[in-house]
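As stored in run-v3.txt (compact mmCIF, C-alpha atoms):
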```
# COMPACT_ATOMS: atom_id res chain seq x y z
CA MET A 1 -6.67 32.24 -168.96
CA GLN A 2 -6.85 28.93 -167.13
CA SER A 3 -9.43 26.48 -168.36
CA VAL A 4 -12.54 25.75 -166.33
CA LEU A 5 -11.30 22.27 -165.58
CA ASP A 6 -7.92 23.46 -164.28
CA ILE A 7 -9.51 25.89 -161.87
CA LYS A 8 -11.90 23.24 -160.65
CA ARG A 9 -8.99 20.92 -159.95
CA ARG A 10 -7.14 23.57 -158.00
CA ILE A 11 -10.19 24.36 -155.88
CA ARG A 12 -10.52 20.72 -155.01
CA SER A 13 -6.87 20.43 -154.03
CA ILE A 14 -7.00 23.51 -151.82
CA LYS A 15 -10.16 22.28 -150.18
CA SER A 16 -8.48 19.06 -149.14
CA THR A 17 -5.49 20.98 -147.79
CA GLU A 18 -7.86 23.15 -145.84
CA LYS A 19 -9.45 20.09 -144.30
CA ILE A 20 -6.05 19.03 -143.01
CA THR A 21 -5.10 22.42 -141.60
CA ARG A 22 -8.49 22.77 -139.95
CA ALA A 23 -8.19 19.34 -138.35
CA MET A 24 -4.66 20.13 -137.13
CA LYS A 25 -5.89 23.35 -135.62
CA MET A 26 -8.65 21.57 -133.73
CA VAL A 27 -6.30 18.88 -132.45
CA ALA A 28 -3.79 21.49 -131.27
CA ALA A 29 -6.54 23.49 -129.58
CA ALA A 30 -7.84 20.42 -127.76
CA LYS A 31 -4.37 19.40 -126.58
CA LEU A 32 -3.51 22.96 -125.60
CA LYS A 33 -6.02 22.87 -122.76
CA SER A 34 -4.33 20.00 -121.00
CA ALA A 35 -0.90 21.46 -121.76
CA GLU A 36 -1.93 24.73 -120.14
CA SER A 37 -3.09 22.95 -117.03
CA LEU A 38 0.29 21.17 -116.89
CA VAL A 39 1.97 24.57 -116.90
CA LYS A 40 -0.23 25.64 -114.00
CA GLU A 41 0.27 22.43 -112.05
CA SER A 42 4.04 22.54 -112.33
CA ARG A 43 4.23 26.07 -110.96
CA PRO A 44 3.80 25.41 -107.20
CA TYR A 45 6.82 23.09 -107.18
CA SER A 46 9.18 25.39 -108.99
CA ASP A 47 7.97 28.41 -107.00
CA THR A 48 8.40 26.66 -103.68
CA ILE A 49 11.81 25.28 -104.45
CA LYS A 50 12.89 28.72 -105.57
CA GLU A 51 11.64 30.15 -102.29
CA VAL A 52 13.54 27.63 -100.18
CA PHE A 53 16.65 28.17 -102.26
CA ALA A 54 16.37 31.94 -101.91
CA ASN A 55 15.93 31.61 -98.17
CA ILE A 56 19.02 29.51 -97.74
CA MET A 57 21.09 31.78 -99.93
CA ALA A 58 19.91 34.90 -98.15
CA HIS A 59 20.75 33.61 -94.69
CA SER A 60 24.10 32.09 -95.33
CA ASP A 61 26.61 34.36 -97.04
CA THR A 62 29.39 32.00 -96.15
CA ILE A 63 28.09 29.04 -98.12
CA LYS A 64 30.38 27.70 -100.77
CA HIS A 65 29.23 25.04 -103.14
CA PRO A 66 30.94 23.78 -106.31
CA LEU A 67 27.72 24.17 -108.29
CA LEU A 68 27.40 27.81 -107.27
CA GLU A 69 30.88 29.00 -108.10
CA VAL A 70 31.45 30.94 -111.31
CA ARG A 71 34.35 29.61 -113.34
CA GLU A 72 36.73 31.43 -115.67
CA GLY A 73 36.48 29.15 -118.72
CA ASN A 74 34.55 29.77 -121.91
CA LYS A 75 33.19 26.32 -122.65
CA ALA A 76 29.40 26.44 -122.70
CA CYS A 77 26.74 23.80 -123.00
CA TYR A 78 23.32 24.74 -124.36
CA VAL A 79 20.31 22.68 -123.44
CA VAL A 80 17.92 23.55 -126.24
CA ILE A 81 14.27 22.62 -125.94
CA THR A 82 12.24 22.51 -129.15
CA ALA A 83 9.25 20.60 -130.46
CA ASP A 84 9.49 17.20 -132.13
CA ARG A 85 7.27 18.29 -134.99
CA GLY A 86 7.04 21.22 -137.32
CA LEU A 87 4.06 22.99 -138.87
CA ALA A 88 4.02 25.38 -135.96
CA GLY A 89 4.96 28.60 -137.71
CA GLY A 90 8.28 30.08 -136.63
CA PHE A 91 8.24 28.34 -133.27
CA ASN A 92 11.27 26.07 -133.67
CA THR A 93 13.24 28.41 -135.90
CA ASN A 94 12.94 31.23 -133.39
CA ILE A 95 14.48 29.16 -130.62
CA MET A 96 17.28 27.89 -132.81
CA ARG A 97 18.14 31.34 -134.09
CA THR A 98 18.26 32.73 -130.55
CA THR A 99 20.46 29.85 -129.45
CA ILE A 100 22.92 30.16 -132.29
CA ASP A 101 23.18 33.93 -131.94
CA HIS A 102 23.95 33.57 -128.26
CA SER A 103 26.36 30.68 -128.63
CA THR A 104 28.83 32.42 -130.92
CA LYS A 105 30.36 34.09 -127.87
CA HIS A 106 31.37 30.76 -126.39
CA ASP A 107 33.11 27.56 -127.26
CA SER A 108 29.81 25.72 -127.40
CA VAL A 109 28.39 22.25 -127.32
CA PHE A 110 24.66 21.53 -127.64
CA LEU A 111 22.23 19.18 -125.99
CA PRO A 112 18.95 19.21 -127.92
CA ILE A 113 15.68 18.06 -126.39
CA GLY A 114 13.19 17.82 -129.25
CA LYS A 115 13.64 16.37 -132.70
CA LYS A 116 13.45 19.62 -134.64
CA GLY A 117 16.29 21.20 -132.69
CA ARG A 118 18.43 18.11 -133.09
CA ASP A 119 17.87 17.95 -136.84
CA TYR A 120 18.68 21.63 -137.18
CA LEU A 121 21.96 21.28 -135.30
CA LEU A 122 22.99 18.04 -137.00
CA PHE A 123 22.24 19.40 -140.46
CA ARG A 124 24.40 22.44 -139.85
CA GLY A 125 27.21 20.43 -138.32
CA TYR A 126 27.17 21.79 -134.78
CA ASN A 127 28.84 19.98 -131.92
CA LEU A 128 26.38 17.78 -130.02
CA LEU A 129 26.91 16.42 -126.52
CA ASN A 130 25.07 13.21 -127.33
CA LYS A 131 22.33 12.15 -129.69
CA GLY A 132 19.86 14.34 -127.88
CA TYR A 133 16.39 13.46 -126.71
CA LEU A 134 12.84 13.58 -128.00
CA ALA A 135 10.54 16.03 -126.30
CA GLY A 136 7.80 13.39 -126.35
CA ASP A 137 4.05 13.75 -126.39
CA LYS A 138 3.97 14.66 -122.74
CA PRO A 139 6.67 16.34 -120.64
CA ASP A 140 8.48 13.59 -118.75
CA VAL A 141 10.04 14.22 -115.32
CA SER A 142 12.27 11.16 -115.36
CA LEU A 143 13.79 12.24 -118.66
CA VAL A 144 14.59 15.61 -117.12
CA GLN A 145 16.09 13.94 -114.05
CA ASN A 146 18.45 11.89 -116.20
CA VAL A 147 19.44 14.88 -118.30
CA VAL A 148 20.15 17.09 -115.29
CA LEU A 149 22.12 14.46 -113.36
CA ASP A 150 24.21 13.80 -116.45
CA LEU A 151 24.82 17.52 -116.89
CA ILE A 152 25.89 17.97 -113.27
CA ASN A 153 28.22 15.03 -113.60
CA ARG A 154 29.89 16.46 -116.71
CA TYR A 155 29.96 19.91 -115.21
CA GLU A 156 31.82 18.60 -112.18
CA LYS A 157 34.35 16.96 -114.51
CA GLU A 158 34.76 20.41 -116.09
CA GLU A 159 33.66 19.36 -119.55
CA PHE A 160 32.10 22.81 -119.64
CA ASP A 161 32.10 25.87 -117.42
CA ILE A 162 28.61 27.17 -117.93
CA VAL A 163 25.29 25.65 -118.86
CA TYR A 164 22.43 27.52 -120.51
CA LEU A 165 18.86 26.45 -120.91
CA VAL A 166 17.02 27.74 -123.98
CA TYR A 167 13.27 27.30 -124.20
CA SER A 168 10.14 29.13 -125.31
CA ARG A 169 8.34 30.90 -122.55
CA TYR A 170 4.64 30.37 -122.95
CA ILE A 171 2.77 33.65 -122.66
CA SER A 172 -0.37 32.95 -124.64
CA PRO A 173 -1.37 30.83 -127.63
CA LEU A 174 -0.36 33.79 -129.77
CA SER A 175 2.91 34.56 -128.13
CA GLN A 176 5.94 32.49 -127.14
CA VAL A 177 9.23 34.15 -126.36
CA PRO A 178 12.60 32.39 -126.62
CA GLN A 179 14.29 32.51 -123.24
CA ILE A 180 17.93 31.93 -122.35
CA GLN A 181 18.62 31.10 -118.74
CA ARG A 182 21.87 30.17 -117.05
CA ILE A 183 21.35 27.04 -114.98
CA LEU A 184 24.94 26.23 -114.02
CA PRO A 185 26.56 27.67 -112.03
CA ALA A 186 23.20 27.80 -110.33
CA GLU A 187 21.63 31.16 -109.70
CA LEU A 188 18.19 32.35 -108.82
CA ALA A 189 16.04 33.37 -111.74
CA ASN A 190 14.41 36.70 -110.82
CA GLY A 191 15.71 36.25 -107.29
CA ASN A 192 14.84 39.79 -106.34
CA ASN A 193 11.13 39.17 -106.41
CA ILE A 194 11.23 36.62 -103.65
CA GLU A 195 10.82 37.76 -100.08
CA THR A 196 13.56 36.57 -97.82
CA LYS A 197 12.82 38.52 -94.69
CA TYR A 198 11.92 35.42 -92.72
CA ALA A 199 13.52 34.28 -89.54
CA GLN A 200 16.66 32.21 -89.47
CA HIS A 201 15.99 28.58 -90.32
CA ILE A 202 17.20 25.40 -88.77
CA TYR A 203 18.92 23.36 -91.43
CA GLU A 204 19.06 19.64 -91.11
CA PRO A 205 21.65 18.16 -91.34
CA SER A 206 23.51 21.29 -92.55
CA ALA A 207 23.05 24.03 -95.09
CA ASP A 208 25.78 22.50 -97.30
CA ASN A 209 24.22 19.10 -97.28
CA LEU A 210 20.85 20.64 -97.98
CA LEU A 211 22.27 22.39 -101.05
CA ASP A 212 23.62 19.06 -102.33
CA ASN A 213 20.03 17.93 -102.33
CA LEU A 214 18.40 21.13 -103.33
CA ILE A 215 20.44 22.33 -106.30
CA PRO A 216 19.85 19.25 -108.51
CA ARG A 217 16.15 19.44 -107.73
CA TYR A 218 16.11 23.13 -108.43
CA LEU A 219 17.71 22.49 -111.82
CA ILE A 220 15.28 19.68 -112.54
CA SER A 221 12.37 21.95 -111.77
CA GLN A 222 13.76 24.63 -114.07
CA VAL A 223 14.37 22.29 -117.00
CA TYR A 224 11.02 20.61 -116.46
CA LYS A 225 9.37 24.01 -116.49
CA GLY A 226 11.10 24.68 -119.80
CA LEU A 227 9.81 21.43 -121.21
CA VAL A 228 6.27 22.05 -120.04
CA GLU A 229 6.19 25.59 -121.41
CA ASN A 230 7.71 24.39 -124.66
CA HIS A 231 4.95 21.81 -124.94
CA ALA A 232 2.21 24.38 -124.44
CA GLY A 233 3.99 26.85 -126.70
CA GLU A 234 4.30 24.32 -129.50
CA LEU A 235 0.59 23.61 -129.44
CA GLY A 236 -0.27 27.29 -129.20
CA ALA A 237 2.01 28.13 -132.11
CA ARG A 238 0.60 25.29 -134.18
CA MET A 239 -2.95 26.33 -133.43
CA THR A 240 -2.22 29.89 -134.54
CA ALA A 241 -0.30 28.80 -137.63
CA MET A 242 -3.00 26.38 -138.70
CA GLU A 243 -5.71 28.92 -138.10
CA ASN A 244 -3.93 31.32 -140.45
CA ALA A 245 -3.44 28.56 -142.99
CA THR A 246 -7.14 27.74 -142.88
CA LYS A 247 -8.03 31.39 -143.31
CA ASN A 248 -5.70 31.70 -146.29
CA ALA A 249 -7.15 28.60 -147.86
CA ASP A 250 -10.65 30.05 -147.46
CA GLU A 251 -9.59 33.26 -149.18
CA MET A 252 -7.94 31.36 -151.97
CA ILE A 253 -10.99 29.21 -152.52
CA ALA A 254 -13.20 32.32 -152.67
CA SER A 255 -11.06 34.00 -155.30
CA LEU A 256 -10.72 30.81 -157.33
CA THR A 257 -14.47 30.25 -157.22
CA LEU A 258 -14.92 33.74 -158.62
CA GLN A 259 -12.44 32.96 -161.37
CA TYR A 260 -14.14 29.67 -162.03
CA ASN A 261 -17.55 31.31 -162.45
CA ARG A 262 -16.12 33.95 -164.75
CA ALA A 263 -14.47 31.32 -166.90
CA ARG A 264 -17.66 29.31 -166.98
CA GLN A 265 -19.70 32.40 -167.92
CA ALA A 266 -17.21 33.28 -170.64
CA ALA A 267 -17.45 29.78 -172.08
CA ILE A 268 -21.25 29.95 -172.19
CA THR A 269 -21.24 33.42 -173.74
CA GLN A 270 -18.82 32.27 -176.36
CA GLU A 271 -20.94 29.25 -177.18
CA ILE A 272 -24.08 31.36 -177.59
CA THR A 273 -22.21 33.80 -179.79
CA GLU A 274 -21.05 30.94 -181.96
CA ILE A 275 -24.55 29.47 -182.30
CA VAL A 276 -26.06 32.85 -183.08
CA GLY A 277 -23.30 33.52 -185.57
CA GLY A 278 -23.90 30.12 -187.20
CA ALA A 279 -27.67 30.67 -187.40
CA GLU A 280 -27.20 34.10 -188.98
CA ALA A 281 -24.87 32.68 -191.58
CA LEU A 282 -27.54 30.18 -192.55
CA SER A 283 -30.39 32.66 -193.01
CA MET B 1 -4.56 28.69 -80.31
CA ALA B 2 -4.99 26.80 -83.48
CA ARG B 3 -3.71 23.30 -83.29
CA SER B 4 -3.50 22.75 -87.00
CA PHE B 5 -1.34 24.00 -89.82
CA ARG B 6 -1.39 23.97 -93.58
CA LEU B 7 0.44 21.15 -95.30
CA ARG B 8 1.21 20.97 -98.97
CA VAL B 9 2.77 17.98 -100.67
CA VAL B 10 4.02 19.08 -104.06
CA THR B 11 5.65 17.11 -106.88
CA PRO B 12 6.99 18.56 -110.14
CA THR B 13 3.84 17.48 -111.94
CA LYS B 14 1.13 18.39 -109.46
CA VAL B 15 0.00 19.29 -105.96
CA VAL B 16 -0.76 15.97 -104.28
CA PHE B 17 -2.09 17.22 -100.97
CA ASP B 18 -3.13 20.64 -99.71
CA GLU B 19 -5.11 20.71 -96.45
CA GLU B 20 -5.12 21.71 -92.80
CA VAL B 21 -3.57 18.97 -90.70
CA GLU B 22 -2.66 18.33 -87.08
CA MET B 23 0.58 16.42 -87.52
CA VAL B 24 2.87 15.13 -90.25
CA ILE B 25 5.68 12.62 -89.91
CA ALA B 26 8.31 12.72 -92.62
CA PRO B 27 11.43 10.66 -93.39
CA GLY B 28 14.22 13.21 -92.91
CA VAL B 29 17.79 12.31 -93.85
CA ALA B 30 18.76 12.57 -90.18
CA GLY B 31 15.85 10.38 -89.05
CA GLU B 32 12.08 10.59 -89.01
CA LEU B 33 10.68 13.84 -87.80
CA ALA B 34 7.22 14.81 -86.71
CA ILE B 35 5.95 18.33 -87.30
CA MET B 36 3.08 19.84 -85.37
CA ALA B 37 1.57 23.31 -85.35
CA HIS B 38 3.89 26.27 -84.57
CA HIS B 39 7.06 24.46 -85.42
CA ILE B 40 10.16 26.62 -85.73
CA ALA B 41 11.35 27.50 -89.26
CA LEU B 42 13.12 24.47 -90.64
CA ALA B 43 14.47 23.16 -93.89
CA THR B 44 15.57 19.59 -94.27
CA ALA B 45 16.24 17.04 -96.97
CA LEU B 46 14.09 13.91 -97.08
CA LYS B 47 15.08 10.39 -98.00
CA PRO B 48 12.78 7.87 -99.67
CA GLY B 49 10.19 6.64 -97.20
CA VAL B 50 6.69 7.12 -95.90
CA ILE B 51 4.92 10.39 -95.13
CA LYS B 52 2.25 10.02 -92.46
CA ILE B 53 -0.41 12.66 -92.11
CA ARG B 54 -3.01 13.05 -89.38
CA LYS B 55 -5.75 15.60 -89.88
CA LYS B 56 -7.16 15.42 -86.33
CA GLU B 57 -5.77 14.16 -83.08
CA ASP B 58 -8.08 11.18 -82.79
CA GLU B 59 -7.90 10.10 -86.41
CA SER B 60 -5.62 7.50 -87.91
CA PHE B 61 -2.70 8.37 -90.16
CA GLU B 62 -2.96 8.66 -93.90
CA ARG B 63 0.08 7.28 -95.67
CA LEU B 64 1.85 8.68 -98.70
CA SER B 65 5.00 7.48 -100.37
CA CYS B 66 7.95 9.82 -100.77
CA THR B 67 10.89 9.23 -103.10
CA GLY B 68 13.15 11.82 -101.57
CA GLY B 69 12.91 15.60 -101.53
CA PHE B 70 12.56 18.48 -99.11
CA LEU B 71 10.61 19.76 -96.21
CA HIS B 72 10.25 23.44 -95.50
CA VAL B 73 8.49 24.78 -92.43
CA LEU B 74 7.71 28.45 -92.08
CA ASN B 75 5.07 30.32 -90.10
CA ASN B 76 2.76 27.35 -89.68
CA ASP B 77 3.00 26.61 -93.37
CA VAL B 78 4.65 23.33 -94.28
CA GLN B 79 5.75 22.58 -97.80
CA LEU B 80 6.86 19.12 -98.65
CA LEU B 81 8.57 18.84 -102.02
CA THR B 82 9.15 15.38 -103.37
CA ASP B 83 10.08 13.87 -106.73
CA ALA B 84 7.05 11.61 -106.68
CA SER B 85 4.37 10.85 -104.14
CA GLU B 86 1.27 8.68 -104.09
CA PHE B 87 -1.40 7.81 -101.59
CA ALA B 88 -1.21 4.24 -100.34
CA SER B 89 -4.38 3.43 -102.28
CA GLU B 90 -2.81 4.58 -105.56
CA ILE B 91 0.34 2.51 -105.35
CA ASP B 92 0.80 -0.33 -107.79
CA VAL B 93 2.40 -3.06 -105.69
CA GLY B 94 3.20 -5.25 -108.69
CA ARG B 95 5.04 -2.45 -110.39
CA ALA B 96 7.04 -1.60 -107.30
CA LEU B 97 8.01 -5.25 -106.82
CA LYS B 98 9.10 -5.52 -110.43
CA ALA B 99 11.10 -2.31 -110.18
CA ARG B 100 12.90 -3.64 -107.11
CA GLN B 101 13.63 -6.94 -108.81
CA ARG B 102 14.95 -5.23 -111.95
CA ALA B 103 17.28 -3.04 -109.96
CA GLU B 104 18.54 -5.95 -107.87
CA GLU B 105 19.23 -8.01 -110.97
CA ARG B 106 21.11 -5.16 -112.52
CA LEU B 107 23.29 -4.91 -109.43
CA MET B 108 24.00 -8.65 -109.38
CA HIS B 109 24.65 -9.44 -113.01
CA ASP B 110 26.08 -6.49 -114.85
CA ASP B 111 29.49 -5.13 -114.06
CA ASP B 112 29.22 -1.67 -115.49
CA VAL B 113 25.92 -0.62 -113.98
CA ASP B 114 25.41 2.72 -112.42
CA VAL B 115 25.38 1.46 -108.83
CA MET B 116 24.06 4.72 -107.44
CA ARG B 117 21.06 4.69 -109.73
CA ALA B 118 20.19 1.07 -109.06
CA LYS B 119 20.40 1.67 -105.33
CA LEU B 120 18.15 4.68 -105.60
CA ALA B 121 15.67 2.67 -107.65
CA ILE B 122 15.58 0.02 -104.91
CA GLN B 123 15.03 2.68 -102.26
CA ARG B 124 12.15 4.16 -104.22
CA ALA B 125 10.52 0.77 -104.66
CA LEU B 126 10.98 0.02 -100.97
CA ALA B 127 9.44 3.35 -100.02
CA ARG B 128 6.33 2.50 -102.01
CA LEU B 129 6.10 -0.99 -100.57
CA LYS B 130 6.51 0.36 -97.06
CA THR B 131 3.72 2.84 -97.67
CA VAL B 132 1.23 0.08 -98.41
CA GLU B 133 2.73 -1.99 -95.58
CA TYR B 134 3.54 -4.80 -97.92
CA GLU B 135 5.10 -7.79 -96.16
CA GLY B 136 7.61 -10.06 -97.83
```
This entry written out as structure tokens:
Amino acid sequence: MQSVLDIKRRIRSIKSTEKITRAMKMVAAAKLKSAESLVKESRPYSDTIKEVFANIMAHSDTIKHPLLEVREGNKACYVVITADRGLAGGFNTNIMRTTIDHSTKHDSVFLPIGKKGRDYLLFRGYNLLNKGYLAGDKPDVSLVQNVVLDLINRYEKEEFDIVYLVYSRYISPLSQVPQIQRILPAELANGNNIETKYAQHIYEPSADNLLDNLIPRYLISQVYKGLVENHAGELGARMTAMENATKNADEMIASLTLQYNRARQAAITQEITEIVGGAEALS
Amino acid sequence: MARSFRLRVVTPTKVVFDEEVEMVIAPGVAGELAIMAHHIALATALKPGVIKIRKKEDESFERLSCTGGFLHVLNNDVQLLTDASEFASEIDVGRALKARQRAEERLMHDDDVDVMRAKLAIQRALARLKTVEYEG
């Protein structure tokens, strides 16, 4: 049996760990609020752009655009969005596992956004497009713009034939689902849900020219959405993970305290027995 | 017949403006265009410039910057999507001036600059300066 002192030391150590996990949980919970409102605020843009895109596509069957055409090749690029930091349960690992499983079908290259994803890929020796990017403390539109323009550029040079976006869809603080979405050649995500029964539009200057403008912005909105949801998901996952850690620490402290009291009681009992035994021997 | 329509100015990060208005003037790629109530369905690309909004006929225009984007008109519902947009009162003139200067210097001195990007940066800065009617 452990000595009284040992148990006391362990209780103290667990208590200080618990303080950290509790603080991390509170910080994540506080940040999650603003992250959730970012998710909400970014929705109108991506919804509207989707709607315009769907409208144009629905009314012009003849449109041909290099970014819309499906190519034969098997070279894929994965844009993988993860968090910069860990201690968020299985959040980052889930995304990476999904990505890797999916990528075995292709001749793949990766573009990580988020430090954890980059480290994972580097450590395992996967092929990276460049050094990757940090996800940052706050989703950054200009970062996304640069990434997307670079991707389009490389795509046009046929460095790859298909581009996937992998991110965690934010459902609730308890649930984030890894999502793989094809972004190039461009297609409408859940295009069937959008009503396209409207009248014929006037396009200025022309539908083709409009697509030149619209497709990059559509992609930017999609990647940005991924980044925003990843941000909220990270905080949600961390909050949940830290809450569990705090709960476990509480349980551990309770059982150790019980052990500690037993050990203390045993020591006292033993001491009394010894004294009584000594006194009896004297009489 | 209603003389107003709903206008929304949306950027990737937030909804900047969402109200009933009488007229909006936007910088389309093929020239400025004014939209009033009951406009026909239209989709057009926008270049960097100034968005002018008038809520009532006898009021003056409110000015917003626009760094390029889209305009979509449908059933008296106008959606203006732009990469970034600020009200004239929110624009930081100093920052815009600096951004313009930086981009111009890059174009002059370096050989291997991304000319497209520098030009776009200048256009964005100019759009902001125009919005606050900065002279000079």
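Atom CA of Ile7 of chain A sits 10.8 Å away from atom CA of Arg262 of chain A.
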**Prompt:** Given a cut-off of 7 Å, which residues of chain A touch chain B, counting all atoms listed in the file, written out as a list in words?
**Reply:** Glu41, Ser42, Tyr45, His201, Ile202, Tyr203, Glu204, Pro205, Leu210, Asn213 and Ser221 of chain A
As a list in words, please: the residues near segment 89-97 of chain A (cut-off 8 Å, all atoms listed in the file, same-chain neighbours under 5 positions excluded).
Val80, Thr82, Ala83, Lys116, Gly117, Tyr120, Val166, Tyr167, Ser168, Gln176, Pro178, Gly233, Glu234, Ala237, Arg238, Thr240 and Ala241 of chain A
Residue subset to file, keeping C-alpha atoms, as a compact mmCIF listing (two decimals), in the frame of the given file:
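Okay, this is what ended up in part02.txt:
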```txt
# COMPACT_ATOMS: atom_id res chain seq x y z
CA VAL A 80 17.92 23.55 -126.24
CA THR A 82 12.24 22.51 -129.15
CA ALA A 83 9.25 20.60 -130.46
CA LYS A 116 13.45 19.62 -134.64
CA GLY A 117 16.29 21.20 -132.69
CA TYR A 120 18.68 21.63 -137.18
CA VAL A 166 17.02 27.74 -123.98
CA TYR A 167 13.27 27.30 -124.20
CA SER A 168 10.14 29.13 -125.31
CA GLN A 176 5.94 32.49 -127.14
CA PRO A 178 12.60 32.39 -126.62
CA GLY A 233 3.99 26.85 -126.70
CA GLU A 234 4.30 24.32 -129.50
CA ALA A 237 2.01 28.13 -132.11
CA ARG A 238 0.60 25.29 -134.18
CA THR A 240 -2.22 29.89 -134.54
CA ALA A 241 -0.30 28.80 -137.63
```
| task | Write out as an MDAnalysis selection string which residues come within 12 Å of Arg54 of chain B when counting all atoms listed in the file, dropping same-chain ones fewer than 5 positions away. | result | chainID B and resid 3:7 19:26 34:37 59:64
Print the selection's residues with C-alpha atoms to a file, as a short mmCIF file (atom, residue, chain, number, x, y, z; two decimals), in the coordinates of the input.
```cif
data_model
loop_
_atom_site.label_atom_id
_atom_site.label_comp_id
_atom_site.auth_asym_id
_atom_site.auth_seq_id
_atom_site.Cartn_x
_atom_site.Cartn_y
_atom_site.Cartn_z
CA ARG B 3 -3.71 23.30 -83.29
CA SER B 4 -3.50 22.75 -87.00
CA PHE B 5 -1.34 24.00 -89.82
CA ARG B 6 -1.39 23.97 -93.58
CA LEU B 7 0.44 21.15 -95.30
CA GLU B 19 -5.11 20.71 -96.45
CA GLU B 20 -5.12 21.71 -92.80
CA VAL B 21 -3.57 18.97 -90.70
CA GLU B 22 -2.66 18.33 -87.08
CA MET B 23 0.58 16.42 -87.52
CA VAL B 24 2.87 15.13 -90.25
CA ILE B 25 5.68 12.62 -89.91
CA ALA B 26 8.31 12.72 -92.62
CA ALA B 34 7.22 14.81 -86.71
CA ILE B 35 5.95 18.33 -87.30
CA MET B 36 3.08 19.84 -85.37
CA ALA B 37 1.57 23.31 -85.35
CA GLU B 59 -7.90 10.10 -86.41
CA SER B 60 -5.62 7.50 -87.91
CA PHE B 61 -2.70 8.37 -90.16
CA GLU B 62 -2.96 8.66 -93.90
CA ARG B 63 0.08 7.28 -95.67
CA LEU B 64 1.85 8.68 -98.70
#
```
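Distance-wise, atom CA of Asp208 of chain A and atom CA of Ile162 of chain A end up 21.3 Å apart.
Atom CA of Asp119 of chain A sits 23.5 Å away from atom CA of Arg154 of chain A.
Residues in contact with segment 115-127 of chain B at up to 7 Å, not including ones fewer than 4 positions away on its chain and judged by only C-alpha atoms, are Pro48, Gly49, Val50, Ser65, Cys66, Thr67, Ala96, Leu97, Ala99, Arg100, Ala103, Leu107 and Thr131 of chain B.
Restricting the calculation to only C-alpha atoms, the smallest distance between Ala232 of chain A and any of A:Tyr133, A:Tyr170, A:Tyr218, A:Tyr260 is found for A:Tyr170.
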Residue rebuild result segment 14-27 of chain B, N, CA and C atoms as a compact mmCIF listing (two decimals), in the frame of the given file:
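Generated output (selection09.txt):
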```txt
# COMPACT_ATOMS: atom_id res chain seq x y z
N LYS B 14 2.38 17.88 -110.00
CA LYS B 14 1.13 18.39 -109.46
C LYS B 14 1.18 18.56 -107.94
N VAL B 15 0.14 19.17 -107.41
CA VAL B 15 0.00 19.29 -105.96
C VAL B 15 -0.78 18.06 -105.49
N VAL B 16 -0.13 17.24 -104.67
CA VAL B 16 -0.76 15.97 -104.28
C VAL B 16 -1.71 16.17 -103.11
N PHE B 17 -1.33 17.07 -102.20
CA PHE B 17 -2.09 17.22 -100.97
C PHE B 17 -2.02 18.68 -100.54
N ASP B 18 -3.14 19.26 -100.17
CA ASP B 18 -3.13 20.64 -99.71
C ASP B 18 -4.30 20.83 -98.75
N GLU B 19 -4.03 20.63 -97.43
CA GLU B 19 -5.11 20.71 -96.45
C GLU B 19 -4.56 21.14 -95.09
N GLU B 20 -5.50 21.45 -94.19
CA GLU B 20 -5.12 21.71 -92.80
C GLU B 20 -4.91 20.37 -92.10
N VAL B 21 -3.81 20.22 -91.41
CA VAL B 21 -3.57 18.97 -90.70
C VAL B 21 -3.08 19.24 -89.27
N GLU B 22 -3.07 18.19 -88.48
CA GLU B 22 -2.66 18.33 -87.08
C GLU B 22 -1.20 17.93 -86.93
N MET B 23 -0.80 16.88 -87.65
CA MET B 23 0.58 16.42 -87.52
C MET B 23 1.03 15.73 -88.79
N VAL B 24 2.31 15.89 -89.13
CA VAL B 24 2.87 15.13 -90.25
C VAL B 24 4.20 14.53 -89.80
N ILE B 25 4.42 13.28 -90.21
CA ILE B 25 5.68 12.62 -89.91
C ILE B 25 6.38 12.35 -91.24
N ALA B 26 7.62 12.83 -91.35
CA ALA B 26 8.31 12.72 -92.62
C ALA B 26 9.67 12.05 -92.43
N PRO B 27 10.16 11.36 -93.48
CA PRO B 27 11.43 10.66 -93.39
C PRO B 27 12.62 11.57 -93.69
```
